[in-house]
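Colleague: File model_13.tsv follows (TSV, C-alpha atoms and all ligand atoms):
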```tsv
chain	number	residue	atom	x	y	z
D	22	MET	CA	100.91	105.58	167.20
D	23	GLY	CA	104.38	106.65	166.08
D	24	GLN	CA	105.45	110.17	165.21
D	25	THR	CA	106.25	109.70	161.53
D	26	PHE	CA	104.76	107.62	158.77
D	27	ALA	CA	105.63	106.02	155.45
D	28	VAL	CA	103.34	104.72	152.75
D	29	GLY	CA	103.89	101.06	151.87
D	30	LEU	CA	102.80	99.80	148.44
D	31	ASP	CA	102.75	96.16	147.36
D	32	VAL	CA	102.19	95.80	143.63
D	33	GLY	CA	101.14	92.36	142.45
D	34	GLY	CA	99.60	91.00	139.28
D	35	THR	CA	96.16	90.95	140.94
D	36	ASP	CA	96.07	93.83	143.45
D	37	VAL	CA	97.90	96.97	144.44
D	38	LYS	CA	97.89	97.10	148.24
D	39	ALA	CA	98.59	100.32	150.10
D	40	ALA	CA	99.01	101.16	153.78
D	41	LEU	CA	100.06	104.07	155.91
D	42	VAL	CA	102.56	102.63	158.39
D	43	ASP	CA	104.01	104.40	161.41
D	44	ASP	CA	107.68	104.33	162.47
D	45	GLU	CA	106.99	101.39	164.79
D	46	GLY	CA	105.61	99.25	161.95
D	47	THR	CA	101.93	99.57	162.85
D	48	ILE	CA	99.41	100.00	160.05
D	49	ALA	CA	97.24	103.10	160.55
D	50	PHE	CA	95.08	102.45	157.48
D	51	LYS	CA	95.18	100.10	154.51
D	52	THR	CA	93.33	99.62	151.27
D	53	SER	CA	93.75	97.94	147.89
D	54	ARG	CA	92.63	98.11	144.29
D	55	PRO	CA	92.75	95.64	141.38
D	56	THR	CA	95.97	96.11	139.40
D	57	GLU	CA	94.49	95.37	135.96
D	58	PRO	CA	97.98	95.44	134.44
D	59	ALA	CA	96.63	95.19	130.88
D	60	ARG	CA	95.85	98.91	131.16
D	61	GLY	CA	99.58	99.61	130.98
D	62	ALA	CA	102.14	101.06	133.36
D	63	ASP	CA	100.91	104.66	133.36
D	64	ALA	CA	97.43	103.73	134.64
D	65	VAL	CA	98.87	101.49	137.37
D	66	LEU	CA	101.36	104.19	138.41
D	67	ALA	CA	98.52	106.72	138.65
D	68	ASP	CA	96.60	104.28	140.88
D	69	MET	CA	99.67	103.78	143.09
D	70	ALA	CA	99.96	107.54	143.58
D	71	ASP	CA	96.24	107.86	144.20
D	72	LEU	CA	96.25	105.04	146.78
D	73	SER	CA	99.24	106.68	148.51
D	74	GLN	CA	97.35	109.94	148.83
D	75	THR	CA	94.20	108.09	149.96
D	76	VAL	CA	95.87	106.32	152.89
D	77	VAL	CA	97.44	109.58	154.10
D	78	ALA	CA	94.11	111.43	153.81
D	79	GLU	CA	92.17	108.65	155.56
D	80	VAL	CA	94.41	108.81	158.63
D	81	GLY	CA	94.37	112.61	158.54
D	82	VAL	CA	98.07	113.16	159.27
D	83	SER	CA	99.91	116.09	157.72
D	84	LYS	CA	101.99	115.34	154.66
D	85	SER	CA	105.05	116.70	156.49
D	86	SER	CA	104.89	113.73	158.89
D	87	VAL	CA	105.04	111.25	155.96
D	88	VAL	CA	108.67	110.50	155.08
D	89	GLY	CA	108.05	108.79	151.74
D	90	VAL	CA	106.68	105.85	149.80
D	91	GLY	CA	108.18	102.36	149.89
D	92	ILE	CA	107.26	100.18	146.92
D	93	GLY	CA	107.47	96.39	146.75
D	94	ALA	CA	107.11	95.00	143.23
D	95	PRO	CA	107.84	91.84	141.27
D	96	GLY	CA	111.27	91.68	139.69
D	97	PRO	CA	113.75	91.49	138.30
D	98	LEU	CA	114.18	95.13	139.15
D	99	SER	CA	116.86	97.63	140.08
D	100	PRO	CA	116.36	99.21	143.52
D	101	ARG	CA	119.31	101.55	142.89
D	102	ARG	CA	117.83	102.93	139.68
D	103	GLY	CA	114.22	102.47	140.85
D	104	ILE	CA	113.27	100.57	137.71
D	105	ILE	CA	111.22	97.43	137.09
D	106	LEU	CA	113.17	95.66	134.35
D	107	LYS	CA	110.40	93.19	133.53
D	108	ALA	CA	107.87	91.18	135.50
D	109	ALA	CA	105.99	88.03	134.62
D	110	ASN	CA	102.80	89.24	136.35
D	111	LEU	CA	102.99	92.75	134.89
D	112	PRO	CA	103.55	92.02	131.20
D	113	ARG	CA	103.45	95.65	130.07
D	114	PHE	CA	106.05	96.79	132.60
D	115	LYS	CA	109.40	96.88	130.81
D	116	ASN	CA	112.09	99.23	132.13
D	117	VAL	CA	109.48	101.30	133.97
D	118	PRO	CA	110.99	104.00	136.28
D	119	ILE	CA	108.39	103.19	138.92
D	120	ARG	CA	110.18	104.80	141.89
D	121	ASP	CA	110.75	108.24	140.36
D	122	GLU	CA	107.32	108.34	138.73
D	123	VAL	CA	105.50	107.55	142.00
D	124	SER	CA	107.75	110.03	143.82
D	125	ARG	CA	106.91	112.75	141.27
D	126	LEU	CA	103.16	112.05	141.34
D	127	VAL	CA	102.94	111.93	145.15
D	128	GLY	CA	105.50	114.64	145.87
D	129	LEU	CA	107.48	112.52	148.36
D	130	PRO	CA	110.69	110.46	148.21
D	131	ALA	CA	110.28	106.82	147.23
D	132	VAL	CA	112.23	103.56	147.34
D	133	LEU	CA	111.76	100.36	145.32
D	134	ALA	CA	112.36	96.78	146.43
D	135	ASN	CA	111.65	93.29	145.19
D	136	ASP	CA	108.33	92.12	146.70
D	137	GLY	CA	109.85	89.04	148.32
D	138	ASN	CA	112.55	91.22	149.85
D	139	ALA	CA	109.95	93.71	151.12
D	140	ALA	CA	107.91	90.92	152.77
D	141	ALA	CA	111.07	89.59	154.42
D	142	TYR	CA	111.88	93.05	155.73
D	143	GLY	CA	108.37	93.37	157.17
D	144	GLU	CA	108.73	90.05	158.97
D	145	PHE	CA	112.16	91.14	160.22
D	146	TRP	CA	110.92	94.51	161.43
D	147	VAL	CA	107.74	93.59	163.30
D	148	GLY	CA	107.20	89.83	162.89
D	149	ALA	CA	108.97	86.57	163.67
D	150	GLY	CA	112.41	88.13	163.12
D	151	ARG	CA	112.01	91.22	165.27
D	152	ASP	CA	114.54	90.02	167.87
D	153	VAL	CA	117.25	88.79	165.49
D	154	ALA	CA	119.66	90.58	163.15
D	155	ASP	CA	120.19	87.74	160.68
D	156	MET	CA	117.16	86.16	159.06
D	157	VAL	CA	116.07	84.40	155.89
D	158	MET	CA	112.48	84.33	154.73
D	159	LEU	CA	110.80	82.14	152.13
D	160	THR	CA	107.32	83.20	150.96
D	161	LEU	CA	105.59	80.11	149.58
D	162	GLY	CA	102.83	81.49	147.37
D	163	THR	CA	102.29	81.55	143.61
D	164	GLY	CA	106.06	81.36	143.40
D	165	VAL	CA	108.70	81.27	146.11
D	166	GLY	CA	109.76	84.78	147.10
D	167	ALA	CA	112.64	85.32	149.44
D	168	GLY	CA	114.67	87.86	151.33
D	169	VAL	CA	117.86	87.73	153.35
D	170	ILE	CA	118.62	90.09	156.23
D	171	VAL	CA	122.29	90.18	157.20
D	172	GLU	CA	123.35	92.16	160.28
D	173	GLY	CA	120.09	94.11	160.19
D	174	ARG	CA	120.22	95.02	156.52
D	175	LEU	CA	118.50	93.64	153.46
D	176	LEU	CA	121.01	91.84	151.25
D	177	SER	CA	120.95	93.33	147.75
D	178	GLY	CA	123.96	91.96	145.86
D	179	HIS	CA	126.14	93.30	143.06
D	180	PHE	CA	123.46	92.83	140.41
D	181	GLU	CA	120.74	93.79	142.93
D	182	ASN	CA	119.00	90.43	142.73
D	183	ALA	CA	120.40	88.62	145.75
D	184	ALA	CA	118.25	86.17	147.70
D	185	GLU	CA	116.40	84.61	144.77
D	186	LEU	CA	116.19	81.43	146.81
D	187	GLY	CA	113.08	80.32	144.91
D	188	HIS	CA	115.33	79.87	141.91
D	189	THR	CA	118.11	77.98	143.61
D	190	VAL	CA	118.46	74.51	142.11
D	191	VAL	CA	117.31	71.73	144.43
D	192	GLN	CA	116.94	69.04	141.75
D	193	PRO	CA	119.56	69.02	138.97
D	194	GLY	CA	117.85	68.44	135.60
D	195	GLY	CA	114.44	68.67	137.31
D	196	LEU	CA	111.20	70.40	136.36
D	197	LEU	CA	111.46	73.33	133.93
D	198	CYS	CA	110.85	76.64	135.73
D	199	SER	CA	109.29	79.81	134.30
D	200	CYS	CA	112.73	81.41	134.75
D	201	GLY	CA	114.28	79.05	132.19
D	202	GLN	CA	116.28	76.95	134.65
D	203	ARG	CA	115.48	73.38	135.60
D	204	GLY	CA	114.99	72.09	139.13
D	205	CYS	CA	114.26	75.40	140.91
D	206	LEU	CA	112.89	75.22	144.46
D	207	GLU	CA	109.82	77.13	143.24
D	208	GLN	CA	108.77	74.21	141.03
D	209	TYR	CA	108.63	71.87	144.05
D	210	ALA	CA	107.56	74.01	146.97
D	211	SER	CA	105.35	76.96	145.96
D	212	ALA	CA	101.66	76.71	146.89
D	213	THR	CA	100.74	76.81	143.20
D	214	ASN	CA	103.24	74.16	142.16
D	215	VAL	CA	102.49	71.61	144.90
D	216	ALA	CA	98.85	71.80	143.78
D	217	ARG	CA	100.04	71.44	140.16
D	218	ARG	CA	102.00	68.31	141.08
D	219	VAL	CA	98.88	66.72	142.60
D	220	ILE	CA	96.81	67.58	139.52
D	221	ASP	CA	99.47	66.13	137.20
D	222	ALA	CA	99.70	62.93	139.25
D	223	ILE	CA	95.93	62.38	139.28
D	224	GLU	CA	95.65	63.14	135.57
D	225	ALA	CA	98.41	60.59	135.00
D	226	GLY	CA	96.27	57.98	136.78
D	227	ALA	CA	97.31	58.17	140.45
D	228	GLU	CA	94.55	57.42	142.97
D	229	SER	CA	93.62	60.04	145.53
D	230	SER	CA	90.61	61.29	147.48
D	231	LEU	CA	91.35	64.61	145.76
D	232	SER	CA	89.96	63.15	142.50
D	233	ASN	CA	86.53	64.12	143.89
D	234	THR	CA	87.41	67.78	144.54
D	235	PRO	CA	84.40	70.04	143.85
D	236	GLY	CA	84.99	71.89	140.58
D	237	GLY	CA	87.16	69.09	139.24
D	238	VAL	CA	90.78	68.03	139.52
D	239	SER	CA	92.01	71.26	137.90
D	240	ALA	CA	90.47	73.22	140.82
D	241	ILE	CA	92.77	71.58	143.40
D	242	THR	CA	94.68	74.12	145.51
D	243	SER	CA	97.36	73.78	148.16
D	244	LYS	CA	94.61	74.12	150.77
D	245	HIS	CA	92.84	71.03	149.38
D	246	LEU	CA	96.18	69.26	149.48
D	247	VAL	CA	96.76	70.17	153.13
D	248	ASP	CA	93.28	68.93	154.06
D	249	ALA	CA	93.95	65.65	152.25
D	250	VAL	CA	97.30	65.29	154.04
D	251	SER	CA	95.52	65.74	157.38
D	252	GLN	CA	93.05	63.02	156.39
D	253	GLY	CA	95.86	60.63	155.48
D	254	ASP	CA	95.53	60.56	151.70
D	255	PRO	CA	98.65	58.66	150.52
D	256	LEU	CA	99.26	60.67	147.31
D	257	ALA	CA	98.77	63.98	149.13
D	258	LYS	CA	101.13	62.87	151.91
D	259	GLN	CA	103.79	61.83	149.42
D	260	ILE	CA	103.71	65.13	147.48
D	261	TRP	CA	103.58	67.18	150.69
D	262	GLU	CA	106.53	65.32	152.17
D	263	ASP	CA	108.42	65.77	148.93
D	264	ALA	CA	107.80	69.54	149.01
D	265	CYS	CA	108.96	69.71	152.63
D	266	ARG	CA	112.10	67.74	151.78
D	267	TYR	CA	112.99	70.25	149.06
D	268	LEU	CA	112.24	73.11	151.45
D	269	ALA	CA	114.54	71.51	154.00
D	270	ILE	CA	117.31	71.40	151.38
D	271	ALA	CA	116.71	75.10	150.68
D	272	CYS	CA	116.85	75.83	154.42
D	273	LEU	CA	120.12	73.93	154.77
D	274	ASN	CA	121.66	75.77	151.82
D	275	ALA	CA	120.46	79.10	153.23
D	276	GLU	CA	121.99	78.20	156.61
D	277	ARG	CA	125.34	77.36	155.03
D	278	SER	CA	125.27	80.48	152.87
D	279	PHE	CA	124.05	83.17	155.27
D	280	ASN	CA	124.38	81.74	158.79
D	281	PRO	CA	121.00	83.15	159.89
D	282	ALA	CA	119.57	82.91	163.40
D	283	MET	CA	116.16	82.21	161.93
D	284	ILE	CA	114.47	80.96	158.76
D	285	VAL	CA	110.88	82.15	158.40
D	286	LEU	CA	108.32	80.34	156.22
D	287	GLY	CA	105.41	82.47	154.99
D	288	GLY	CA	102.87	82.67	152.16
D	289	GLY	CA	99.92	80.40	151.36
D	290	MET	CA	101.73	77.15	152.27
D	291	SER	CA	102.41	78.41	155.80
D	292	ALA	CA	98.67	78.25	156.53
D	293	ALA	CA	99.35	74.52	157.00
D	294	GLY	CA	101.04	75.44	160.29
D	295	ALA	CA	102.57	72.53	162.17
D	296	LEU	CA	102.06	70.25	159.18
D	297	LEU	CA	104.61	72.34	157.28
D	298	LEU	CA	106.91	73.24	160.14
D	299	ASP	CA	107.26	69.76	161.64
D	300	SER	CA	108.01	68.14	158.30
D	301	VAL	CA	110.55	70.76	157.18
D	302	ARG	CA	112.30	70.62	160.57
D	303	ARG	CA	112.35	66.81	160.54
D	304	ASN	CA	113.82	66.70	157.04
D	305	ARG	CA	116.35	69.40	157.87
D	306	ASP	CA	117.43	67.55	161.00
D	307	GLN	CA	118.21	64.45	158.93
D	308	HIS	CA	121.01	66.44	157.34
D	309	ARG	CA	122.59	67.76	160.49
D	310	TRP	CA	126.06	69.17	160.07
D	311	SER	CA	128.84	67.65	162.12
D	312	LEU	CA	131.07	70.73	162.10
D	313	MET	CA	129.02	72.97	164.37
D	314	ASP	CA	126.11	72.54	166.75
D	315	ASP	CA	124.47	75.91	166.05
D	316	ILE	CA	121.42	75.68	163.82
D	317	ALA	CA	118.90	78.22	162.62
D	318	GLU	CA	115.46	78.15	164.11
D	319	ILE	CA	112.79	77.41	161.46
D	320	VAL	CA	109.54	79.21	162.26
D	321	LEU	CA	106.28	80.34	160.68
D	322	ALA	CA	105.72	83.93	159.57
D	323	GLN	CA	103.64	86.09	161.92
D	324	VAL	CA	102.71	89.13	159.85
D	325	GLY	CA	100.67	87.45	157.12
D	326	ASN	CA	99.49	89.29	154.00
D	327	ASP	CA	100.51	92.71	155.31
D	328	ALA	CA	104.24	91.86	155.43
D	329	GLY	CA	104.75	93.35	151.96
D	330	VAL	CA	103.29	96.80	152.68
D	331	ILE	CA	104.83	96.99	156.16
D	332	GLY	CA	108.22	95.92	154.83
D	333	ALA	CA	108.08	98.38	151.92
D	334	ALA	CA	107.34	101.21	154.37
D	335	GLY	CA	110.10	99.91	156.65
D	336	LEU	CA	112.58	100.06	153.78
D	337	MET	CA	111.64	103.72	153.27
D	338	PHE	CA	112.50	104.43	156.91
D	339	ALA	CA	115.70	102.37	156.56
D	340	ASP	CA	116.71	104.36	153.47
D	341	LEU	CA	116.38	107.62	155.43
D	342	ARG	CA	118.60	106.19	158.18
D	343	GLY	CA	121.15	105.24	155.53
D	344	ASP	CA	120.77	101.50	156.19
U	401	ZN	ZN	113.37	79.26	138.45
```
Go through the file and emit its structure as structure tokens.
Ligand SMILES: [Zn+2]

Modeller:
Amino acid sequence: MGQTFAVGLDVGGTDVKAALVDDEGTIAFKTSRPTEPARGADAVLADMADLSQTVVAEVGVSKSSVVGVGIGAPGPLSPRRGIILKAANLPRFKNVPIRDEVSRLVGLPAVLANDGNAAAYGEFWVGAGRDVADMVMLTLGTGVGAGVIVEGRLLSGHFENAAELGHTVVQPGGLLCSCGQRGCLEQYASATNVARRVIDAIEAGAESSLSNTPGGVSAITSKHLVDAVSQGDPLAKQIWEDACRYLAIACLNAERSFNPAMIVLGGGMSAAGALLLDSVRRNRDQHRWSLMDDIAEIVLAQVGNDAGVIGAAGLMFADLRGD
């Protein structure tokens, strides 16, 4: 176990996850609690502080060996000011000074980061990206979260919302996104939206073995879709291939923009393993550039659901180093 620790918090619409993480990125203890955001920001902030104190107490380290609390939360937010501006999954969080409030309640320094950015940092620190300095991560879950690491640092941007790759346009005039744009990657390649596309197709009359999903067509998830792809269902294969084609476009655009050594695919969709990786690589390779031979390696995430808390803690350590 390392010498110093940071608390990592990952605040989502469903759960608040907390972990005590050592300076090598190993979790010493973790726990979680339902967010219940309808209670309002103050109640959730009190829970975040309480969970922070719980993970420290459970491990039994002295508070002086804990350098602070890293918080990953849905955005848009301002890491510099430590404020959640607003969040779709946390409807009562508007302009909440989450960083300073948690810091005050816990009595330790705190940092705030976008949840997709925190997960990317976790994967960079201890996961697939641990041996590279330049990495892009896409987290394919309810939405498409992302983070970009350039020369060992998380890219933030002038307006502090860099790396929103889930809302890059991959289909001009395409599906309307919750962000107000049309044709965002998230509409074509998040776990939730690929399932949505299958449901819409079946409800519009398309034939598929997924019509017989237990619980009805509306209960179809990306996991059902992956199973159907493995079994050769034509509709499932077509929608899966489509999602992988859009992901390949996003990978290409990320390569041209950031020149990463590695692009990491995580989140619920990555449970498909080779089915995802092979198809995204194949589609990406159809668009090979003729100007240079170097290409980013596309790989699966290794850290899993803990990437957010580990990355948030890692960003606390990075902040102390001045990174
Ligand atoms: Zn969007």

Colleague: May I have the residues within 6 Å of ligand ZN 401 (chain U), computed using only C-alpha atoms and all ligand atoms, as a list in words?

Modeller: His188, Cys198, Ser199, Cys200, Gln202 and Cys205 of chain D

Colleague: For atom CA of Val191 of chain D and atom CA of Ala293 of chain D, quote the distance in Å rounded to one decimal.

Modeller: 22.1 Å

Colleague: Specify the axis-aligned box that encloses all atoms of segment 214-219 of chain D listed in the file after padding of 8 Å on each side, stating its centre and edge lengths in Å to one decimal as AutoDock Vina command-line options.

Modeller:
```
--center_x 101.0 --center_y 70.4 --center_z 142.5 --size_x 20.4 --size_y 23.4 --size_z 20.7
```

Colleague: Would you list the contacts of Asn135 of chain D as a VMD selection string, taking every protein, DNA or RNA residue within 12 Å and counting all atoms listed in the file, but skipping same-chain residues closer than 2 positions in sequence?

Modeller: chain D and resid 30 to 33 91 to 101 103 to 108 132 to 133 137 to 142 166 to 169 175 to 177 181 to 185 329 to 330 332 to 333 336

Colleague: Would you compute the distance between atom CA of His308 of chain D and atom CA of Arg174 of chain D? Give it in Å to one decimal.

Modeller: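 Going from atom CA of His308 of chain D over to atom CA of Arg174 of chain D, I get 28.6 Å.
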
Colleague: Compare D:Gln259, D:Thr189, D:Asn214, D:Ser311 by their minimum atom-to-atom distance to Ala271 of chain D, counting all atoms listed in the file, and give me the closest one.

Modeller: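 Among the listed residues, D:Thr189 lies closest to Ala271 of chain D.
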
Colleague: Quick one: everything within 12 Å of Gly46 of chain D, counting all atoms listed in the file, minus sequence neighbours fewer than 2 positions away in the same chain. Send it as a PyMOL selection string.

Modeller: chain D and resi 22-29+40-44+48-50+142-148+151+324+327-339

Colleague: Name the closest residue to Ile223 of chain D among the candidates D:Gly343, D:Gly237, D:Gly195, D:Gly164; distances are taken between atoms, counting all atoms listed in the file.

Modeller: D:Gly237

Colleague: What's the separation between atom CA of Leu321 of chain D and atom CA of Ala149 of chain D, in Å to one decimal place?

Modeller: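 According to the coordinates, atom CA of Leu321 of chain D and atom CA of Ala149 of chain D are separated by 7.4 Å.
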
Colleague: Select all residues near (100.4, 91.4, 133.3) (cut-off 10 Å, inclusive, file coordinates), counting only C-alpha atoms, and output them as number ranges by chain.

Modeller: D: 33-35, 56-62, 108-114

Colleague: Within 8 Å of Val171 of chain D, counting only C-alpha atoms, which residues qualify if same-chain residues fewer than 6 places away don't, as a PyMOL selection string?

Modeller: chain D and resi 154-156+279+281

Colleague: Go through D:Glu207, D:Asp63, D:Asp340, D:Glu45 one by one, measure the shortest atom-to-atom distance of each to Lys115 of chain D using all atoms listed in the file, and give the residue with the smallest value.

Modeller: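 So, comparing all the options, the nearest one is D:Asp63.
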
Colleague: Kindly indicate which residue among D:Val215, D:Ala64, D:Ala131, D:Ala295 lies nearest to Val320 of chain D, using only C-alpha atoms for the distances.

Modeller: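 Of the candidates, the smallest distance to Val320 of chain D is held by D:Ala295.
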
Colleague: What's the 9 Å shell around Cys265 of chain D, counting all atoms listed in the file, without same-chain residues fewer than 2 positions away, as a list of chain:residue names?

Modeller: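 The filter keeps D:Tyr209, D:Ala210, D:Ile260, D:Trp261, D:Glu262, D:Asp263, D:Tyr267, D:Leu268, D:Ala269, D:Ile270, D:Leu297, D:Leu298, D:Ser300, D:Val301, D:Arg302, D:Asn304.
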
Colleague: Given the selection you just returned, output its residues as a file containing C-alpha atoms, formatted as a short mmCIF file (atom, residue, chain, number, x, y, z; two decimals), in the frame of the given file.

Modeller:
```
data_model
loop_
_atom_site.label_atom_id
_atom_site.label_comp_id
_atom_site.auth_asym_id
_atom_site.auth_seq_id
_atom_site.Cartn_x
_atom_site.Cartn_y
_atom_site.Cartn_z
CA TYR D 209 108.63 71.87 144.05
CA ALA D 210 107.56 74.01 146.97
CA ILE D 260 103.71 65.13 147.48
CA TRP D 261 103.58 67.18 150.69
CA GLU D 262 106.53 65.32 152.17
CA ASP D 263 108.42 65.77 148.93
CA TYR D 267 112.99 70.25 149.06
CA LEU D 268 112.24 73.11 151.45
CA ALA D 269 114.54 71.51 154.00
CA ILE D 270 117.31 71.40 151.38
CA LEU D 297 104.61 72.34 157.28
CA LEU D 298 106.91 73.24 160.14
CA SER D 300 108.01 68.14 158.30
CA VAL D 301 110.55 70.76 157.18
CA ARG D 302 112.30 70.62 160.57
CA ASN D 304 113.82 66.70 157.04
#
```
